[in-house]
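Some notes on the structure that comes next.
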There are 4 protein chains.
Amino acid sequence: MCRWLAYSGESLHPSALVLDTAHSLVAQSLNSPLGAETVNGDGFGLGWYPMGAMGDGRAGVPALFRSIEPAWWDENLRELTQAIETELFFAHVRAAAGPPIQQTNCHPFRHGRWLFMHNGALAEFHRYRRDLMLELDPELFPLIRGTTDSEVLFHLALTLGLEQDPIAAVGRAIRRVEDAGRAHDVPQPMQGTVAVTDGATIWAFRYSSSGRSRSLFHSIDIPSLRELYPDFERLDTFGPTARVVVSEPLTDLPGAFVEVPEATAVIIGPGGDFRQEPFLAAA
Amino acid sequence: MCRWLAYSGESLHPSALVLDTAHSLVAQSLNSPLGAETVNGDGFGLGWYPMGAMGDGRAGVPALFRSIEPAWWDENLRELTQAIETELFFAHVRAAAGPPIQQTNCHPFRHGRWLFMHNGALAEFHRYRRDLMLELDPELFPLIRGTTDSEVLFHLALTLGLEQDPIAAVGRAIRRVEDAGRAHDVPQPMQGTVAVTDGATIWAFRYSSSGRSRSLFHSIDIPSLRELYPDFERLDTFGPTARVVVSEPLTDLPGAFVEVPEATAVIIGPGGDFRQEPFLAAA
Amino acid sequence: MCRWLAYSGESLHPSALVLDTAHSLVAQSLNSPLGAETVNGDGFGLGWYPMGAMGDGRAGVPALFRSIEPAWWDENLRELTQAIETELFFAHVRAAAGPPIQQTNCHPFRHGRWLFMHNGALAEFHRYRRDLMLELDPELFPLIRGTTDSEVLFHLALTLGLEQDPIAAVGRAIRRVEDAGRAHDVPQPMQGTVAVTDGATIWAFRYSSSGRSRSLFHSIDIPSLRELYPDFERLDTFGPTARVVVSEPLTDLPGAFVEVPEATAVIIGPGGDFRQEPFLAAA
Amino acid sequence: MCRWLAYSGESLHPSALVLDTAHSLVAQSLNSPLGAETVNGDGFGLGWYPMGAMGDGRAGVPALFRSIEPAWWDENLRELTQAIETELFFAHVRAAAGPPIQQTNCHPFRHGRWLFMHNGALAEFHRYRRDLMLELDPELFPLIRGTTDSEVLFHLALTLGLEQDPIAAVGRAIRRVEDAGRAHDVPQPMQGTVAVTDGATIWAFRYSSSGRSRSLFHSIDIPSLRELYPDFERLDTFGPTARVVVSEPLTDLPGAFVEVPEATAVIIGPGGDFRQEPFLAAA
C-alpha cells in the first residue's frame with residue numbers, strides 16, 4: 001500500500017535517495033509504476049540515526065520526522081533531508097488502505113533504538129485486531145498510538161523477541177497473524193514487505209501468505225556498480241559500503257537493483273556486510 | 001482538560017454561541033478563566049444535526065467537523081458555523097493531556113445518531129486502558145480510532161446500554177472505570193463532565209470520583225432571561241426553547257447561567273423540556 | 001493544473017457530484033484522465049450559497065471551505081458535502097504548479113457575493129506578476145492573501161468591472177494578462193478555464209492564448225438526459241433545472257456531457273437558463 | 001506579537017534552549033509573561049546552519065523547518081531540535097496579528113544565506129503595504145510568498161543593502177516604513193525587535209517609532225554566568241562563547257539575562273564577540 005526505502009552505508013544526506021534520483025521515494029509518492037497504488041500521498045515518515053560532533057550515530061536513539069502532508073510538496077521534508085546526514089535511515093511514503101490519515105499512522109514506528117516499517121496489509125485486519133492486541137505484552141499495549149495493522153505487527157514482534165532475534169521474532173509474529181486471521185476465516189492474512197533496524201543492522205523481509213508479495217529490491221554493491229557505470233558521476237555521492245533496500249528501483253540503470261525473492265530475508269550489517277536467506281516457507 | 005458546549009432549541013447558526021458571545025467557546029479556547037488549563041488549543045470539533053429542505057433534522061445522523069488547528073484561527077470553523085443551521089449541536093475545544101493531537105482524538109465522538117463529548121480525564125488511564133478495552137463489546141472494539149480515554153468511555157457506555165438508557169449506561173460505565181482504576185491503585189479515576197445526545201435529547205453529567213468535578217453550567221430559560229434583560233438585543237437571536245449546557249458561562253450577565261451541582265445529570269428534551277436529577281453519589 | 005466543477009439547479013447535497021459519481025471531483029483528484037496532471041492532491045475548496053430556514057440562499061454571501069489536505073481523504077469534506085444543501089456551488093481540486101500549498105492558494109476565491117475559480121496557469125507568471133499587481137485597484141491590492149496567478153486574475157477582473165459586466169471584465173483581464181506577458185517575452189500567457197458567479201448566474205470561460213485550452217464540459221439538460229437513460233435511477237437526485245460545468249465528464253454515459261468549444265463563454269442563469277457564446281477570438 | 005530566540009556559540013542541540021529551560025521558547029509559546037499576547041500558538045519556525053562531516057556549518061545555506069502547528073505539541077519540532085546540532089540558529093513562535101496562519105507567514109524568512117525574524121508589527125500595514133511593495137527591487141518582488149509585514153520589511157532591507165551593511169540597511173528600511181506609514185496618517189508605524197544573520201554574525205535590533213518596543217534581552221557571557229552559579233549543572237551544556245538574544249529571559253536566574261535598551265543594535269560575531277550600539281534615535 002506504500003513505498004519504502006532503507007539505507008545503510010557511509011554518511012549521507014538522505015535527499016540523495018529521497019529526492020534526487022530518477023525514481024526517488026518522493027517521485028514514487030506521485031507515481032510508483034510497481035506499486036499496488038499509483039499514488040502514495042497519505043503521509044510519509046523519515047527515521048534516522050543522527051550524526052555529528054555530539055551525536056552517537058549508530059549507537060543512539062533514532063529521530064523521527066513524520067507528516068500527513070503528501071511527500072511531494074512538503075517543504076520541511078526537502079529542507080530536512082538536505083540538512084541532516086546519517087549512516088542509516090528509513091523513509092516511507094504511505095497510501096492508506098483505510099485507517100485514518102494521521103501522524104501516528106505514519107511509518108516508521110519506533111521503540112527504543114528500533115525502527116520498523118511495512119508495505120502491504122493484514123487482510124481484513126478489523127476481524128482479528130482485537131485478538132492480536134490481546135497477545136501483546138501488556139506493557140506494550142498502551143504504547144499503540146495509531147490504528148494501523150503495521151504498528152500492531154511491530155509490537156507483536158517486540159512481544160515475541162524482536163530485540164533478541166529479529167528474524168525469528170518477525171517470523172513468529174507473521175505466524176501469529178496467520179493463525180489469528182485463519183481463525184476468522186481469512187485464508188491469506190499476511191501481505192507485504194517489512195524492514196526493521198536497531199541502528200546497526202537492517203533486516204528486510206519479503207513474505208505473504210499467498211506467496212505473491214509486494215515488490216522489493218536491493219542495490220548491488222557500489223564497487224560493482226562503478227565498474228558497470230564508470231562514467232556515472234552521481235555514484236560519487238555514495239561510499240563503498242552503501243546499500244539500499246527499496247520497494248522499487250530508484251533508477252533505470254540495468255543491473256543496479258536486484259529483486260529480492262519471495263519468502264526471503266535480507267540482512268545488511270555495518271561495513272557493507274550483506275546476505276540473504278530463506279524466510280518462512282509459504283504457509 | 002477542555003471546554004464544551006451543547007445547544008438545543010430553535011434553529012440557529014452555531015456561530016451565535018461558538019463565536020459571537022463575550023466568552024464564546026472560541027474565546028474560551030484562548031482564555032478560559034475557569035478551566036484546568038488556560039489554553040484549549042489542541043483541536044476542536046463540531047457535531048450537528050443538519051437542517052434543510054431535504055434534511056431530516058433531529059431524526060437523522062449528525063455531521064462532524066473536527067480539526068487539529070486551534071479553534072481561534074481556523075477559518076473553516078468560522079465559515080461553517082455561520083453557514084449552517086441546526087436545532088441541536090455539540091462543540092468542543094481541546095487541551096490535550098498527553099494523547100497525540102490528531103483528528104481522531106477530537107470530540108465529539110459519533111456512533112450512529114449518537115454524539116458524545118467529555119471534559120476531564122481518567123486519571124492514570126494508561127494503567128487500565130487495556131482492561132477497559134477488553135470490556136468493550138468486540139463489535140465496538142475495532143471502531144476505536146484514537147487514543148483518548150474519552151473515546152473508550154463512550155464505547156464502554158455504548159457497550160453497557162447507552163442507546164437504551166443513557167443515564168444508567170453512563171453511570172455503569174463510570175463505575176467500571178472506577179473499578180478498573182482502583183484495581184490498579186488509582187483511587188479517584190473519574191474526573192469530568194460528559195454530554196451525550198441522540199439528536200433529540202441532551203444528557204449532561206457532572207461527576208468525579210473525588211467529588212470535585214470540572215465546572216459545568218446551564219443557561220436559564222429564555223423567557224426568564226428576557227424578563228431580566230428586556231433591552232439586551234442579542235437575545236433576539238434565541239427562540240423560547242433555547243438552552244445551553246456549557247463548561248463555563250458564555251456571558252457576564254448575572255443570573256444568565258446557573259452552575260450544575262456536583263454528581264448531577266441534566267436532561268434537555270425537545271421543546272425546552274428541562275430537568276436535573278442526582279447522578280451517582282460520590283463513591 | 002486543476003479540476004473544477006460548478007453546479008446550478010435545485011437544492012442538492014454537493015456530495016452527489018463531489019463524491020458519488022463514477023468520475024466525481026474527488027475521484028478526479030486521484031486520477032483525472034483528461035487533466036494536465038494525473039493527481040490533483042494539493043488542496044481543494046468548496047464555495048456554496050447556504051440554504052435553510054434563515055438562509056438567504058442565492059441572495060446571500062457564499063461560504064467557503066478550503067483545505068490543503070488531499071480531497072480524497074479529507075473527512076471534513078465528506079461530512080460537509082453530505083450535510084449541507086445548496087442551489088449553487090463551486091468545487092475545486094488543485095495540482096499546484098509551484099506556488100506554495102496553503103489555504104490562501106486554494107480556489108474558489110471570494111469577494112463579497114462573488115466566487116471565482118481557475119484551472120490552468122498564466123505562463124511564466126513571475127515575470128509579470130508585479131506589473132499586474134500594480135494594475136489592481138489599490139483598494140483591492142491588500143486583499144491578495146495568496147501567491148497564485150488565479151487570485152491576481154480574479155482581482156484584475158474585479159478591477160476591470162466584474163461586478164458590472166462579468167463577460168466583458170474577464171475578457172479585459174485576460175487581454176491585460178496577454179499584454180503584460182508579451183511585454184516580458186511570454187508569447188502565450190493565458191491558459192485555462194475560469195468560472196465566476198454572483199450566486200445567481202454562473203459564467204464559465206474556456207480560453208487560452210495558444211488556442212489549446214484545458215478541457216471543459218457542460219451537462220445536457222436533465223429532461224433530455226432522462227429521455228436518454230429512463231432507467232438510470234441516480235438521475236432522480238437531480239431536479240429539472242440542474243446543470244453542471246466541469247473540467248471533465250463526471251460519468252461515462254454517452255451524451256451526458258458536451259465539450260465546451262475553445263474561446264467560448266457558457267452562461268447558466270437561474271431556472272436552468274443556459275446559453276453559450278464566443279469569447280475572445282484567439283489573439 | 002511573537003517571541004524569538006537567536007543563538008550563536010559552540011555546537012548545540014537547539015532543544016537545550018527551545019525545549020529544556022524553565023522559560024524555553026516552547027514554554028513561552030503557551031505562556032509568555034512579557035509578551036503582548038500570552039499565547040503564541042500560530043505557528044513556529046526554526047532556521048539553522050547545519051553541521052556535520054559534510055556540512056559547511058556557518059559558511060553554508062541555512063535550513064528551515066516551519067510549521068503552522070502550535071509549537072507546544074509539534075512532535076517533529078521536538079525530534080528535530082534534539083537530533084540536529086548547530087553553532088547558530090534562529091527560532092520563532094508566532095501570535096498572528098491578522099494575516100493568515102500559513103507556513104509562508106512563519107519566521108524566520110530566508111534569502112540565500114541570510115535569515116530574518118521579527119517580533120512586533122507595522123501598524124496599520126494594509127494602508128501602505130502596496131507602497132512598500134513597490135519600493136522592493138523588482139527582482140525581489142516575486143519572492144514574497146506570504147502576507148506578513150515582516151517578510152516585506154526583510155525584502156525592503158535586502159533592497160536597501162542588507163547584504164552589504166546590515167545595520168545601515170535595516171535602519172534605512174525602518175525609515176522607509178516610517179515615511180510610508182506617515183504618508184498614510186499612521187504616526188508610529190514601526191514596532192518591534194528584529195534579528196538578521198548571515199550565518200556568521202547575528203545583528204539584533206530593538207526599535208519602535210513610539211520608543212516603546214517589545215522586550216528584548218541578551219544572555220551574559222558564560223564564564224561570568226558560571227562564576228555567578230558555579231553549582232548550576234545545566235550550564236555545562238554551553239560552551240564559553242555561547243550567547244543568546246531572546247524576547248524574554250529563558251530562566252529566572254538573577255543576572256543571567258540583561259535587557260537590551262530601546263533603540264539599540266546588538267552584534268554577536270563568531271567566537272563570542274559581543275557589542276551593542278545605539279540604533280536610530282526615535283523619530
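Identifiers for the C-alpha cells are assigned positionally: chains receive A, B, ... in sequence, residues are indexed from 1 per chain, and ligands are indexed from 1 in the order shown.
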
Please report, as number ranges by chain, each residue of segment 117-221 of chain A to which DSSP assigns helix (DSSP H, G or I) when run on this structure's backbone.
-> A: 125-127, 129-135, 141-143, 149-159, 166-183

Could I get the residues of chain A with an atom no further than 6 Å from an atom of chain D, each paired with its nearest atom pair and that distance in Å to one decimal, using only C-alpha atoms, sorted by chain and residue number, as a tab-separated table?
residue	atom	partner	partner_atom	distance
A:Pro50	CA	D:Ala83	CA	5.8
A:Gly52	CA	D:Gly52	CA	5.0
A:Ala63	CA	D:Glu79	CA	5.7
A:Phe65	CA	D:Asn76	CA	5.4
A:Asn76	CA	D:Phe65	CA	5.4
A:Glu79	CA	D:Ala63	CA	5.7
A:Ala83	CA	D:Pro50	CA	5.8

So that I have them on file, write out the residues from the current selection with C-alpha atoms, as a PDB file, in the first residue's frame.
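Here's the written file selection.pdb:
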ATOM      1  CA  PRO A  50      21.740  11.398  13.943  1.00  0.00           C
ATOM      2  CA  GLY A  52      27.558  14.932  14.378  1.00  0.00           C
ATOM      3  CA  ALA A  63      14.941  10.603  15.382  1.00  0.00           C
ATOM      4  CA  PHE A  65      10.037  13.141  11.202  1.00  0.00           C
ATOM      5  CA  ASN A  76      10.132  20.596   5.577  1.00  0.00           C
ATOM      6  CA  GLU A  79      14.853  21.020   3.944  1.00  0.00           C
ATOM      7  CA  ALA A  83      20.388  19.346   6.021  1.00  0.00           C
TER       8      ALA A  83
END

Going by DSSP on the backbone, which bits of segment 81-257 of chain C are strand (DSSP E or B)? Write them as a PyMOL selection string, please.
chain C and resi 86-94+109-111+114-122+190-197+202-208+217-219+243-246+257

note - atom CA of Asn105 of chain C and atom CA of Val196 of chain D are separated by 28.5 Å

Show me, as a count of residues only, the residues that have an atom within 12 Å of Arg176 of chain A when counting only C-alpha atoms, minus same-chain residues fewer than 5 positions from it. 25

**Asked** Do you have the atom CA of Ser29 of chain C-atom CA of Ala71 of chain C distance handy?
**Response**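 About the pair atom CA of Ser29 of chain C and atom CA of Ala71 of chain C: they are 6.6 Å apart.
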
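Atom pair atom CA of Leu34 of chain B / atom CA of Ser215 of chain B: separated by 7.1 Å.
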